[in-house]
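Structure data follow from start_33.tsv (TSV, C-alpha atoms):
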```tsv
chain	number	residue	atom	x	y	z
Z	1	MET	CA	-20.86	-16.13	6.71
Z	2	PHE	CA	-18.05	-13.97	5.39
Z	3	VAL	CA	-18.95	-12.36	2.05
Z	4	ASP	CA	-16.49	-9.97	0.43
Z	5	ARG	CA	-17.80	-9.64	-3.15
Z	6	VAL	CA	-21.36	-9.13	-4.44
Z	7	GLU	CA	-23.06	-7.79	-7.55
Z	8	ILE	CA	-26.16	-5.66	-7.15
Z	9	SER	CA	-28.39	-3.32	-9.15
Z	10	VAL	CA	-29.13	0.16	-7.80
Z	11	THR	CA	-31.63	2.68	-9.16
Z	12	SER	CA	-32.35	6.25	-8.17
Z	13	GLY	CA	-35.96	7.42	-7.96
Z	14	LYS	CA	-37.96	8.82	-10.88
Z	15	GLY	CA	-39.12	12.42	-10.65
Z	16	GLY	CA	-42.84	12.96	-10.15
Z	17	GLU	CA	-45.04	14.29	-12.95
Z	18	GLY	CA	-46.08	17.90	-13.04
Z	19	ALA	CA	-49.83	18.50	-12.53
Z	20	VAL	CA	-52.32	19.82	-15.05
Z	21	SER	CA	-54.80	21.82	-13.00
Z	22	PHE	CA	-56.83	25.04	-13.17
Z	23	ARG	CA	-57.97	27.28	-10.41
Z	24	ARG	CA	-61.57	26.55	-9.46
Z	25	GLU	CA	-62.99	28.71	-6.71
Z	26	LYS	CA	-66.31	30.34	-5.97
Z	27	PHE	CA	-66.60	33.81	-7.49
Z	28	VAL	CA	-63.45	33.19	-9.59
Z	29	LEU	CA	-64.33	32.84	-13.21
Z	30	ASN	CA	-62.00	31.10	-15.64
Z	31	GLY	CA	-59.18	30.64	-13.12
Z	32	GLY	CA	-55.78	30.17	-14.64
Z	33	PRO	CA	-53.46	27.15	-14.46
Z	34	ASP	CA	-52.23	26.16	-10.99
Z	35	GLY	CA	-50.62	22.74	-11.51
Z	36	GLY	CA	-47.68	22.15	-9.15
Z	37	ASP	CA	-44.33	20.58	-9.95
Z	38	GLY	CA	-43.57	16.93	-9.35
Z	39	GLY	CA	-41.29	15.94	-6.50
Z	40	LYS	CA	-37.67	14.98	-7.08
Z	41	GLY	CA	-36.84	11.28	-7.05
Z	42	GLY	CA	-34.83	9.86	-4.19
Z	43	SER	CA	-31.05	9.68	-4.57
Z	44	VAL	CA	-28.78	6.74	-3.76
Z	45	TYR	CA	-26.02	7.17	-1.19
Z	46	PHE	CA	-23.31	4.88	0.15
Z	47	GLN	CA	-22.45	5.26	3.82
Z	48	VAL	CA	-19.54	3.64	5.66
Z	49	ASP	CA	-20.75	1.87	8.79
Z	50	LYS	CA	-18.10	0.52	11.17
Z	51	ASN	CA	-20.71	-1.76	12.74
Z	52	THR	CA	-20.66	-3.95	9.63
Z	53	ASP	CA	-17.63	-6.01	8.66
Z	54	THR	CA	-18.84	-8.11	5.70
Z	55	LEU	CA	-21.16	-7.79	2.71
Z	56	SER	CA	-23.29	-10.74	3.85
Z	57	HIS	CA	-26.44	-8.62	4.25
Z	58	PHE	CA	-26.52	-8.26	0.45
Z	59	ARG	CA	-26.98	-12.01	-0.02
Z	60	GLY	CA	-30.43	-12.68	-1.46
Z	61	HIS	CA	-31.04	-8.96	-1.92
Z	62	LYS	CA	-29.71	-7.87	-5.29
Z	63	THR	CA	-31.94	-4.95	-6.29
Z	64	PHE	CA	-32.01	-1.59	-4.53
Z	65	LYS	CA	-34.21	1.32	-5.57
Z	66	ALA	CA	-34.80	4.77	-4.13
Z	67	GLN	CA	-38.36	6.06	-3.88
Z	68	ASN	CA	-40.00	7.89	-6.78
Z	69	GLY	CA	-41.08	11.49	-6.39
Z	70	LYS	CA	-44.81	12.17	-5.97
Z	71	PRO	CA	-46.82	13.95	-8.70
Z	72	GLY	CA	-47.61	17.64	-8.33
Z	73	GLU	CA	-51.10	18.78	-7.32
Z	74	GLY	CA	-53.45	21.67	-7.95
Z	75	ARG	CA	-53.17	24.98	-6.17
Z	76	ASN	CA	-49.46	24.99	-7.05
Z	77	LYS	CA	-48.68	22.23	-4.58
Z	78	TYR	CA	-45.36	20.53	-5.13
Z	79	GLY	CA	-45.19	16.76	-5.08
Z	80	LYS	CA	-43.34	15.15	-2.16
Z	81	LYS	CA	-39.68	14.32	-2.72
Z	82	GLY	CA	-38.89	10.61	-2.95
Z	83	GLU	CA	-37.07	9.14	0.04
Z	84	ASP	CA	-33.33	8.73	-0.45
Z	85	LEU	CA	-31.79	5.27	-0.33
Z	86	VAL	CA	-28.76	4.96	1.97
Z	87	ILE	CA	-26.79	1.74	1.47
Z	88	LYS	CA	-24.57	0.93	4.44
Z	89	ILE	CA	-21.28	-0.81	3.76
Z	90	PRO	CA	-18.24	-1.77	5.86
Z	91	PRO	CA	-15.05	0.32	5.77
Z	92	GLY	CA	-12.79	-0.66	2.90
Z	93	THR	CA	-15.54	-1.33	0.34
Z	94	GLN	CA	-14.86	-0.53	-3.30
Z	95	VAL	CA	-17.63	0.06	-5.86
Z	96	PHE	CA	-16.95	-1.09	-9.42
Z	97	ASP	CA	-18.98	-0.78	-12.62
Z	98	SER	CA	-19.93	-4.39	-13.42
Z	99	GLN	CA	-19.68	-3.92	-17.17
Z	100	SER	CA	-16.54	-1.81	-17.59
Z	101	GLY	CA	-14.75	-2.83	-14.39
Z	102	GLU	CA	-14.08	0.85	-13.62
Z	103	LEU	CA	-13.53	1.74	-9.98
Z	104	LEU	CA	-16.25	4.25	-9.09
Z	105	LEU	CA	-15.83	4.67	-5.33
Z	106	ASP	CA	-13.32	3.63	-2.68
Z	107	LEU	CA	-14.85	4.06	0.75
Z	108	VAL	CA	-12.55	3.81	3.74
Z	109	GLU	CA	-13.33	6.68	6.12
Z	110	GLU	CA	-15.61	6.04	9.05
Z	111	SER	CA	-19.14	7.52	8.65
Z	112	GLN	CA	-18.26	8.68	5.12
Z	113	LYS	CA	-21.43	9.32	3.09
Z	114	ILE	CA	-21.16	9.70	-0.68
Z	115	LEU	CA	-23.82	10.52	-3.26
Z	116	PHE	CA	-23.77	7.78	-5.89
Z	117	LEU	CA	-26.86	8.31	-8.08
Z	118	GLU	CA	-28.84	11.53	-8.26
Z	119	GLY	CA	-32.63	11.22	-8.22
Z	120	GLY	CA	-34.60	12.28	-11.29
Z	121	LYS	CA	-35.87	15.85	-11.42
Z	122	GLY	CA	-39.61	16.40	-11.01
Z	123	GLY	CA	-41.63	17.59	-14.00
Z	124	LEU	CA	-42.95	21.16	-14.22
Z	125	GLY	CA	-46.67	21.75	-13.69
Z	126	ASN	CA	-48.80	23.50	-16.29
Z	127	THR	CA	-48.56	26.80	-14.43
Z	128	HIS	CA	-45.07	27.20	-15.92
Z	129	PHE	CA	-46.40	27.09	-19.49
Z	130	LYS	CA	-48.92	29.95	-19.26
Z	131	SER	CA	-48.23	32.79	-21.68
Z	132	ALA	CA	-50.04	35.63	-23.37
Z	133	THR	CA	-50.82	33.39	-26.32
Z	134	ASN	CA	-51.51	30.25	-24.31
Z	135	GLN	CA	-53.47	31.09	-21.20
Z	136	ARG	CA	-54.87	27.60	-20.76
Z	137	PRO	CA	-52.00	25.09	-21.14
Z	138	THR	CA	-53.29	21.53	-20.89
Z	139	TYR	CA	-49.95	19.80	-20.56
Z	140	ALA	CA	-47.16	19.41	-18.01
Z	141	GLN	CA	-43.77	17.77	-17.94
Z	142	LYS	CA	-43.13	14.16	-17.10
Z	143	GLY	CA	-40.59	13.52	-14.39
Z	144	ILE	CA	-37.08	12.55	-15.39
Z	145	ALA	CA	-36.39	8.84	-14.97
Z	146	GLY	CA	-33.94	7.59	-12.38
Z	147	VAL	CA	-30.58	6.04	-13.23
Z	148	THR	CA	-29.93	2.30	-12.98
Z	149	LYS	CA	-26.43	0.93	-12.52
Z	150	GLN	CA	-25.13	-2.61	-12.26
Z	151	ILE	CA	-22.27	-2.55	-9.76
Z	152	ARG	CA	-19.91	-4.89	-7.96
Z	153	LEU	CA	-19.00	-4.35	-4.34
Z	154	GLU	CA	-15.64	-5.64	-3.17
Z	155	LEU	CA	-14.44	-5.51	0.41
Z	156	LYS	CA	-10.77	-4.94	1.21
Z	157	LEU	CA	-10.17	-5.14	4.91
Z	158	ILE	CA	-8.31	-2.23	6.47
Z	159	ALA	CA	-5.39	-3.31	8.65
Z	160	ASP	CA	-1.95	-2.02	9.58
Z	161	VAL	CA	-0.13	-5.36	9.43
Z	162	GLY	CA	-0.85	-8.26	7.08
Z	163	LEU	CA	0.40	-11.80	7.77
Z	164	VAL	CA	1.80	-13.73	4.81
Z	165	GLY	CA	2.76	-17.38	4.98
Z	166	PHE	CA	2.10	-20.93	3.87
Z	167	PRO	CA	-0.82	-22.87	5.41
Z	168	ASN	CA	-0.34	-24.22	8.94
Z	169	VAL	CA	2.74	-22.14	9.77
Z	170	GLY	CA	1.25	-20.58	12.92
Z	171	LYS	CA	-0.40	-17.37	11.66
Z	172	SER	CA	-3.73	-17.99	13.39
Z	173	THR	CA	-2.05	-18.98	16.64
Z	174	LEU	CA	0.00	-15.80	16.50
Z	175	VAL	CA	-3.11	-13.65	15.96
Z	176	SER	CA	-4.90	-15.38	18.86
Z	177	VAL	CA	-2.13	-14.64	21.38
Z	178	LEU	CA	-1.13	-11.23	20.03
Z	179	SER	CA	-4.60	-9.69	19.61
Z	180	ASN	CA	-8.22	-9.95	20.72
Z	181	ALA	CA	-9.20	-12.13	17.74
Z	182	LYS	CA	-10.14	-15.80	18.21
Z	183	PRO	CA	-9.54	-17.55	14.88
Z	184	GLU	CA	-10.00	-21.28	14.45
Z	185	ILE	CA	-6.79	-23.19	15.16
Z	186	ALA	CA	-6.11	-26.80	14.18
Z	187	ASN	CA	-3.21	-29.00	13.11
Z	188	TYR	CA	-4.05	-29.20	9.42
Z	189	GLU	CA	-3.67	-26.94	6.41
Z	190	PHE	CA	-6.21	-24.29	5.41
Z	191	THR	CA	-7.69	-23.99	8.89
Z	192	THR	CA	-8.19	-20.31	8.08
Z	193	LEU	CA	-10.83	-20.09	5.36
Z	194	ILE	CA	-11.71	-16.42	5.73
Z	195	PRO	CA	-9.71	-13.30	6.67
Z	196	LYS	CA	-9.56	-12.34	10.33
Z	197	LEU	CA	-8.81	-8.97	11.94
Z	198	GLY	CA	-7.45	-8.47	15.42
Z	199	ILE	CA	-6.54	-5.41	17.50
Z	200	VAL	CA	-3.08	-5.56	19.08
Z	201	ASN	CA	-2.73	-3.36	22.15
Z	202	VAL	CA	0.63	-1.73	22.86
Z	203	GLY	CA	0.57	-0.26	26.34
Z	204	GLU	CA	-2.60	1.46	27.51
Z	205	TYR	CA	-3.19	3.93	24.69
Z	206	GLN	CA	-1.59	2.56	21.51
Z	207	SER	CA	-2.80	-0.21	19.25
Z	208	PHE	CA	-2.73	-1.44	15.69
Z	209	VAL	CA	-4.79	-3.83	13.55
Z	210	ILE	CA	-3.41	-7.12	12.26
Z	211	ALA	CA	-4.95	-9.19	9.43
Z	212	ASP	CA	-4.67	-12.94	8.95
Z	213	ILE	CA	-5.57	-14.38	5.55
Z	214	PRO	CA	-5.72	-18.01	4.35
Z	215	GLY	CA	-2.33	-19.53	3.67
Z	216	ILE	CA	-0.65	-18.95	0.31
Z	217	ILE	CA	0.80	-21.83	-1.69
Z	218	GLY	CA	2.92	-21.96	-4.82
Z	219	GLY	CA	0.75	-21.11	-7.83
Z	220	ALA	CA	-1.71	-19.04	-5.78
Z	221	SER	CA	-1.47	-16.25	-8.35
Z	222	GLU	CA	-2.77	-18.78	-10.91
Z	223	GLY	CA	-5.75	-19.70	-8.78
Z	224	LYS	CA	-4.39	-22.53	-6.62
Z	225	GLY	CA	-5.35	-22.71	-2.97
Z	226	LEU	CA	-7.30	-20.06	-1.08
Z	227	GLY	CA	-4.74	-17.29	-0.69
Z	228	LEU	CA	-5.32	-15.65	-4.07
Z	229	GLU	CA	-9.02	-15.12	-3.32
Z	230	PHE	CA	-8.17	-13.12	-0.20
Z	231	LEU	CA	-4.85	-11.47	-1.09
Z	232	ARG	CA	-6.70	-8.25	-1.82
Z	233	HIS	CA	-7.44	-8.01	1.91
Z	234	ILE	CA	-3.81	-7.17	2.62
Z	235	GLU	CA	-3.49	-4.70	-0.28
Z	236	ARG	CA	-4.34	-1.84	2.09
Z	237	THR	CA	-1.89	-2.90	4.81
Z	238	ARG	CA	1.07	-0.64	5.45
Z	239	PHE	CA	3.35	-3.43	6.60
Z	240	LEU	CA	3.73	-7.15	5.79
Z	241	LEU	CA	4.93	-9.81	8.22
Z	242	PHE	CA	6.26	-12.94	6.53
Z	243	VAL	CA	5.73	-15.95	8.80
Z	244	LEU	CA	8.38	-18.59	7.96
Z	245	ASP	CA	8.00	-22.01	9.59
Z	246	LEU	CA	11.17	-23.58	11.01
Z	247	ALA	CA	9.45	-26.98	11.14
Z	248	ASN	CA	8.29	-26.88	7.52
Z	249	TYR	CA	9.71	-29.31	4.99
Z	250	ARG	CA	10.58	-26.29	2.80
Z	251	THR	CA	13.71	-24.32	3.57
Z	252	LEU	CA	13.33	-20.78	4.86
Z	253	GLU	CA	14.75	-19.47	1.58
Z	254	GLU	CA	12.24	-21.50	-0.44
Z	255	GLN	CA	9.28	-20.34	1.67
Z	256	PHE	CA	10.29	-16.71	1.39
Z	257	ARG	CA	11.05	-16.89	-2.35
Z	258	ILE	CA	7.70	-18.49	-3.22
Z	259	LEU	CA	5.72	-16.07	-1.06
Z	260	ARG	CA	7.46	-13.06	-2.57
Z	261	GLU	CA	6.88	-14.36	-6.10
Z	262	GLU	CA	3.17	-14.93	-5.48
Z	263	LEU	CA	2.77	-11.44	-4.02
Z	264	GLU	CA	4.57	-9.90	-6.99
Z	265	ASN	CA	2.41	-11.86	-9.46
Z	266	PHE	CA	-0.70	-10.64	-7.66
Z	267	SER	CA	0.36	-7.01	-7.21
Z	268	GLU	CA	3.78	-5.51	-7.83
Z	269	GLU	CA	2.93	-2.62	-5.51
Z	270	LEU	CA	2.10	-5.05	-2.71
Z	271	SER	CA	5.36	-6.92	-3.20
Z	272	HIS	CA	7.32	-3.70	-2.53
Z	273	ARG	CA	5.55	-2.97	0.77
Z	274	PRO	CA	7.80	-2.64	3.87
Z	275	PHE	CA	8.12	-6.00	5.62
Z	276	GLY	CA	9.50	-7.94	8.54
Z	277	ILE	CA	10.16	-11.65	9.02
Z	278	MET	CA	9.06	-13.91	11.84
Z	279	PHE	CA	10.49	-17.43	12.28
Z	280	SER	CA	7.67	-19.43	13.89
Z	281	LYS	CA	7.59	-22.51	16.11
Z	282	ILE	CA	11.02	-22.08	17.65
Z	283	ASP	CA	9.67	-24.04	20.65
Z	284	LEU	CA	8.90	-27.25	18.75
Z	285	GLN	CA	12.43	-28.58	18.92
Z	286	ASN	CA	15.35	-28.06	21.21
Z	287	GLN	CA	17.97	-25.84	19.63
Z	288	ASP	CA	20.40	-28.76	19.68
Z	289	LEU	CA	18.06	-31.04	17.74
Z	290	LEU	CA	18.31	-31.19	13.98
Z	291	ILE	CA	15.79	-30.57	11.20
Z	292	ALA	CA	16.09	-31.49	7.56
Z	293	ASP	CA	16.44	-29.18	4.61
Z	294	ASN	CA	17.55	-29.63	1.01
Z	295	THR	CA	21.24	-29.45	1.89
Z	296	GLY	CA	21.35	-31.77	4.90
Z	297	PHE	CA	20.67	-31.40	8.60
Z	298	LYS	CA	20.88	-28.11	10.45
Z	299	SER	CA	19.74	-26.63	13.73
Z	300	HIS	CA	17.11	-23.92	13.92
Z	301	ARG	CA	19.80	-21.38	14.68
Z	302	ASP	CA	21.91	-22.47	11.73
Z	303	CYS	CA	18.90	-22.20	9.40
Z	304	ILE	CA	18.15	-18.67	10.57
Z	305	VAL	CA	21.79	-17.57	10.37
Z	306	GLU	CA	22.09	-18.99	6.85
Z	307	PHE	CA	18.87	-17.30	5.78
Z	308	LEU	CA	19.92	-13.90	7.11
Z	309	ASN	CA	23.30	-14.26	5.49
Z	310	THR	CA	21.50	-14.13	2.14
Z	311	PHE	CA	20.68	-10.50	3.07
Z	312	GLY	CA	24.16	-9.86	4.43
Z	313	PHE	CA	22.80	-9.59	7.98
Z	314	SER	CA	24.04	-10.98	11.25
Z	315	LEU	CA	21.99	-11.77	14.33
Z	316	LYS	CA	21.90	-9.33	17.22
Z	317	ASN	CA	22.15	-11.01	20.63
Z	318	LYS	CA	22.83	-14.13	18.62
Z	319	ALA	CA	23.19	-16.35	21.63
Z	320	GLU	CA	19.86	-15.38	23.12
Z	321	SER	CA	17.07	-13.95	21.00
Z	322	LEU	CA	17.33	-15.08	17.36
Z	323	GLN	CA	16.74	-11.44	16.50
Z	324	PHE	CA	17.89	-9.05	13.77
Z	325	ILE	CA	16.88	-5.37	13.68
Z	326	GLN	CA	17.71	-3.17	10.71
Z	327	LYS	CA	17.79	0.02	12.81
Z	328	ASP	CA	18.60	0.71	16.43
Z	329	LYS	CA	15.73	1.84	18.63
Z	330	GLU	CA	16.60	5.52	18.39
Z	331	ASP	CA	16.85	5.29	14.59
Z	332	PHE	CA	13.57	3.44	13.95
Z	333	GLY	CA	11.75	5.05	11.06
Z	334	VAL	CA	14.83	6.78	9.67
Z	335	ASP	CA	16.09	5.86	6.21
Z	336	TYR	CA	14.74	2.33	6.06
Z	337	ASP	CA	16.02	0.06	3.29
Z	338	LEU	CA	12.62	-1.23	2.12
Z	339	ASN	CA	14.18	-3.91	-0.09
Z	340	THR	CA	15.25	-5.84	2.99
Z	341	PRO	CA	13.35	-6.79	6.16
Z	342	LEU	CA	13.06	-4.13	8.82
Z	343	PHE	CA	13.53	-6.91	11.37
Z	344	ALA	CA	13.71	-10.68	11.66
Z	345	LEU	CA	12.75	-12.49	14.84
Z	346	GLY	CA	12.30	-16.05	16.08
Z	347	VAL	CA	9.00	-16.37	17.98
Z	348	SER	CA	7.05	-19.05	19.79
Z	349	SER	CA	3.34	-18.28	20.05
Z	350	VAL	CA	2.90	-21.21	22.46
Z	351	SER	CA	5.67	-20.48	24.96
Z	352	LYS	CA	5.36	-16.71	24.32
Z	353	GLU	CA	9.10	-16.46	23.62
Z	354	ASN	CA	9.93	-13.11	21.95
Z	355	LEU	CA	6.19	-12.33	21.64
Z	356	GLU	CA	6.51	-8.96	23.36
Z	357	SER	CA	9.55	-8.15	21.23
Z	358	LEU	CA	7.49	-8.84	18.12
Z	359	ARG	CA	4.69	-6.60	19.38
Z	360	PHE	CA	7.18	-3.78	19.96
Z	361	LEU	CA	8.94	-4.24	16.61
Z	362	LEU	CA	5.66	-4.19	14.68
Z	363	TYR	CA	4.47	-1.07	16.48
Z	364	GLU	CA	7.80	0.75	16.08
Z	365	SER	CA	7.95	-0.20	12.39
Z	366	LEU	CA	4.48	1.23	11.79
Z	367	LYS	CA	5.29	4.35	13.78
Z	368	GLY	CA	8.54	4.75	11.83
Z	369	LEU	CA	6.72	4.51	8.50
Z	370	ASN	CA	4.75	7.63	9.49
Z	371	VAL	CA	7.91	9.66	10.06
```

Re-express the file's structure as structure tokens.
Amino acid sequence: MFVDRVEISVTSGKGGEGAVSFRREKFVLNGGPDGGDGGKGGSVYFQVDKNTDTLSHFRGHKTFKAQNGKPGEGRNKYGKKGEDLVIKIPPGTQVFDSQSGELLLDLVEESQKILFLEGGKGGLGNTHFKSATNQRPTYAQKGIAGVTKQIRLELKLIADVGLVGFPNVGKSTLVSVLSNAKPEIANYEFTTLIPKLGIVNVGEYQSFVIADIPGIIGGASEGKGLGLEFLRHIERTRFLLFVLDLANYRTLEEQFRILREELENFSEELSHRPFGIMFSKIDLQNQDLLIADNTGFKSHRDCIVEFLNTFGFSLKNKAESLQFIQKDKEDFGVDYDLNTPLFALGVSSVSKENLESLRFLLYESLKGLNV
């Protein structure tokens, strides 16, 4: 089961008590104090573990506590330190204070290990309190108590490309043919109920990660549908790919406008992320057949041309590829206009038409953003 948000309680260990003890040995009269210090309580750490990809292991386990330090002993023996608690979490996990909502930690780097709560200090034994006027101290310090914190863990998946589109527009099919992921695919809305990650290979040595989230509908930012619950999973993505369905009853302009509005309502920063546009399902109808929109009947090609005209663009290789590219190959990554799509491309995930072009354009866009 995919779990991406949990609330837990974590507590560092209490320091051990200092010992009250006096030296008692044969032939040693009235030995002085020799009580050892208590051991330090265990600390709480968070460690990023790439072998975990959800927070499901926290279900049914809400309380985590590091071990207490052991009390000191006679003969100036220190108590044993409490064992540290290391909580393993998947990359992309954020730690929030449950009460204030403050972001405490944002853990993204592989194998990253961060101290979260320090263990309590052990108490001093009575040997520390001997003085000229008090040669027989009968008291020692208590250990310092550990710290308890109520926290909320939230997982934000780490991906390079995030897919954005209405339900049943072909996002899952695209991920299945473009990457190694195997999401559920069916001919009904909200087939995707949880986010999916896939690795897209480009040649033998290059790759990038693509994220598919449940479809977004109008009003998602107000809690409708499933998209709002998982939009945070594309907050970390460097690039957005809008998947616009040519066979949808909504026009391309309407799909794009609603999706952009919902992203902006959720996060203004996310809405200004670099993006490309994919026109899906170009194989469903012959280019000469007609589909309906709000203004009448138009071919797929006419719909795409009209849509791109709203940006002032024209198709490259218009007769063949249904493709627009903002920059030529040698200029990729140079002076992008991030208010307009870096590319727009008609793709069929079933017939594989323009699939390799999409793979290249996504990779080159990501590489260009690093320039």

I want to know what sits within 7 Å of stretch 242-259 of chain Z, based on all atoms listed in the file, with residues of the same chain fewer than 4 positions away left out; could you give that as a ChimeraX atom specification? /Z:163-165,169,171,218,263,276-282,293,300,307

#### Entry: Among listed residues Z:Val202, Z:Thr237, Z:His272, Z:Lys14, nearest Z:Leu361 (using only C-alpha atoms)
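Among the listed residues, Z:Val202 lies closest to Z:Leu361.
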
Shell around Z:Thr127 at 9 Å using all atoms listed in the file, local window under 3 positions removed, as a list in words
Ala19, Val20, Ser21, Phe22, Gly32, Pro33, Asp34, Gly35, Gly36, Asp37, Asn76, Leu124, Lys130, Arg136, Pro137 and Ala140 of chain Z

Using only C-alpha atoms, the best pick from Z:Val95, Z:Glu262, Z:Lys196, Z:Leu115 as closest to Z:Phe166 would be Z:Glu262

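The coordinates place atom CA of Z:Ser348 at 8.4 Å from atom CA of Z:Leu174.
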
Write out as an mmCIF file with C-alpha atoms, in the frame of the given file which residues come within 9 Å of Z:Gly143 when counting only C-alpha atoms, dropping same-chain ones fewer than 6 positions away.
```cif
data_model
loop_
_atom_site.group_PDB
_atom_site.id
_atom_site.type_symbol
_atom_site.label_atom_id
_atom_site.label_comp_id
_atom_site.auth_asym_id
_atom_site.auth_seq_id
_atom_site.Cartn_x
_atom_site.Cartn_y
_atom_site.Cartn_z
ATOM 1 C CA LYS Z 14 -37.960 8.820 -10.880
ATOM 2 C CA GLY Z 15 -39.120 12.420 -10.650
ATOM 3 C CA GLY Z 16 -42.840 12.960 -10.150
ATOM 4 C CA GLU Z 17 -45.040 14.290 -12.950
ATOM 5 C CA GLY Z 18 -46.080 17.900 -13.040
ATOM 6 C CA GLY Z 38 -43.570 16.930 -9.350
ATOM 7 C CA GLY Z 39 -41.290 15.940 -6.500
ATOM 8 C CA LYS Z 40 -37.670 14.980 -7.080
ATOM 9 C CA GLY Z 41 -36.840 11.280 -7.050
ATOM 10 C CA GLY Z 69 -41.080 11.490 -6.390
ATOM 11 C CA PRO Z 71 -46.820 13.950 -8.700
ATOM 12 C CA GLY Z 120 -34.600 12.280 -11.290
ATOM 13 C CA LYS Z 121 -35.870 15.850 -11.420
ATOM 14 C CA GLY Z 122 -39.610 16.400 -11.010
ATOM 15 C CA GLY Z 123 -41.630 17.590 -14.000
ATOM 16 C CA LEU Z 124 -42.950 21.160 -14.220
#
```

Could you list, with a cut-off of 12 Å and counting all atoms listed in the file, the residues of stretch 74-149 of chain Z near stretch 51-68 of chain Z, each shown with its nearest atom pair and the distance in Å rounded to one decimal, rows sorted by chain and ascending number, as CSV?
```
residue,atom,partner,partner_atom,distance
Z:Gly79,CA,Z:Asn68,CA,10.4
Z:Lys80,CA,Z:Asn68,CA,9.2
Z:Lys81,CA,Z:Asn68,CA,7.6
Z:Gly82,CA,Z:Gln67,CA,4.7
Z:Glu83,CA,Z:Gln67,CA,5.1
Z:Asp84,CA,Z:Ala66,CA,5.6
Z:Leu85,CA,Z:Ala66,CA,4.9
Z:Val86,CA,Z:Ala66,CA,8.6
Z:Ile87,CA,Z:Phe64,CA,8.6
Z:Lys88,CA,Z:Thr52,CA,8.1
Z:Ile89,CA,Z:Thr52,CA,6.7
Z:Pro90,CA,Z:Thr52,CA,5.0
Z:Pro91,CA,Z:Asp53,CA,7.4
Z:Gly92,CA,Z:Asp53,CA,9.2
Z:Thr93,CA,Z:Leu55,CA,8.9
Z:Gln94,CA,Z:Leu55,CA,11.3
Z:Glu110,CA,Z:Asn51,CA,10.0
Z:Ser111,CA,Z:Asn51,CA,10.3
Z:Phe116,CA,Z:Ala66,CA,11.6
Z:Leu117,CA,Z:Ala66,CA,9.5
Z:Glu118,CA,Z:Ala66,CA,9.9
Z:Gly119,CA,Z:Ala66,CA,7.9
Z:Gly120,CA,Z:Asn68,CA,8.3
Z:Lys121,CA,Z:Asn68,CA,10.1
Z:Gly122,CA,Z:Asn68,CA,9.5
Z:Gly143,CA,Z:Asn68,CA,9.5
Z:Ile144,CA,Z:Asn68,CA,10.2
Z:Ala145,CA,Z:Asn68,CA,9.0
Z:Gly146,CA,Z:Asn68,CA,8.3
Z:Val147,CA,Z:Lys65,CA,9.7
Z:Thr148,CA,Z:Lys65,CA,8.6
Z:Lys149,CA,Z:Phe64,CA,10.1
```

Using all atoms listed in the file for the distances, tell me which of Z:Thr11, Z:Ser98, Z:Asn168, Z:Gln112 is nearest to Z:Gln47.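 For Z:Gln47, the nearest of the candidates is Z:Gln112.
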
With distances taken over only C-alpha atoms, the candidate from Z:Arg273, Z:Lys352, Z:Arg232, Z:Lys367 nearest Z:Asp4 is Z:Arg232

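Of note, atom CA of Z:Arg24 and atom CA of Z:Ser131 are spaced 19.1 Å apart.
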
As a check of understanding: the span from atom CA of Z:Ile8 to atom CA of Z:Val108 is 19.8 Å

* Asked: With only C-alpha atoms as the atoms that count, which of Z:Leu345, Z:Val6, Z:Ile234, Z:Val350 lies nearest to Z:Gln150?
  ->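 Looking only at the distances to Z:Gln150, the closest residue turns out to be Z:Val6.
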
Taking into account all atoms listed in the file, which residue in the set Z:Gln135, Z:Ser357, Z:Ser43, Z:Ser351 is nearest to Z:Phe324?
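Closest candidate: Z:Ser357.
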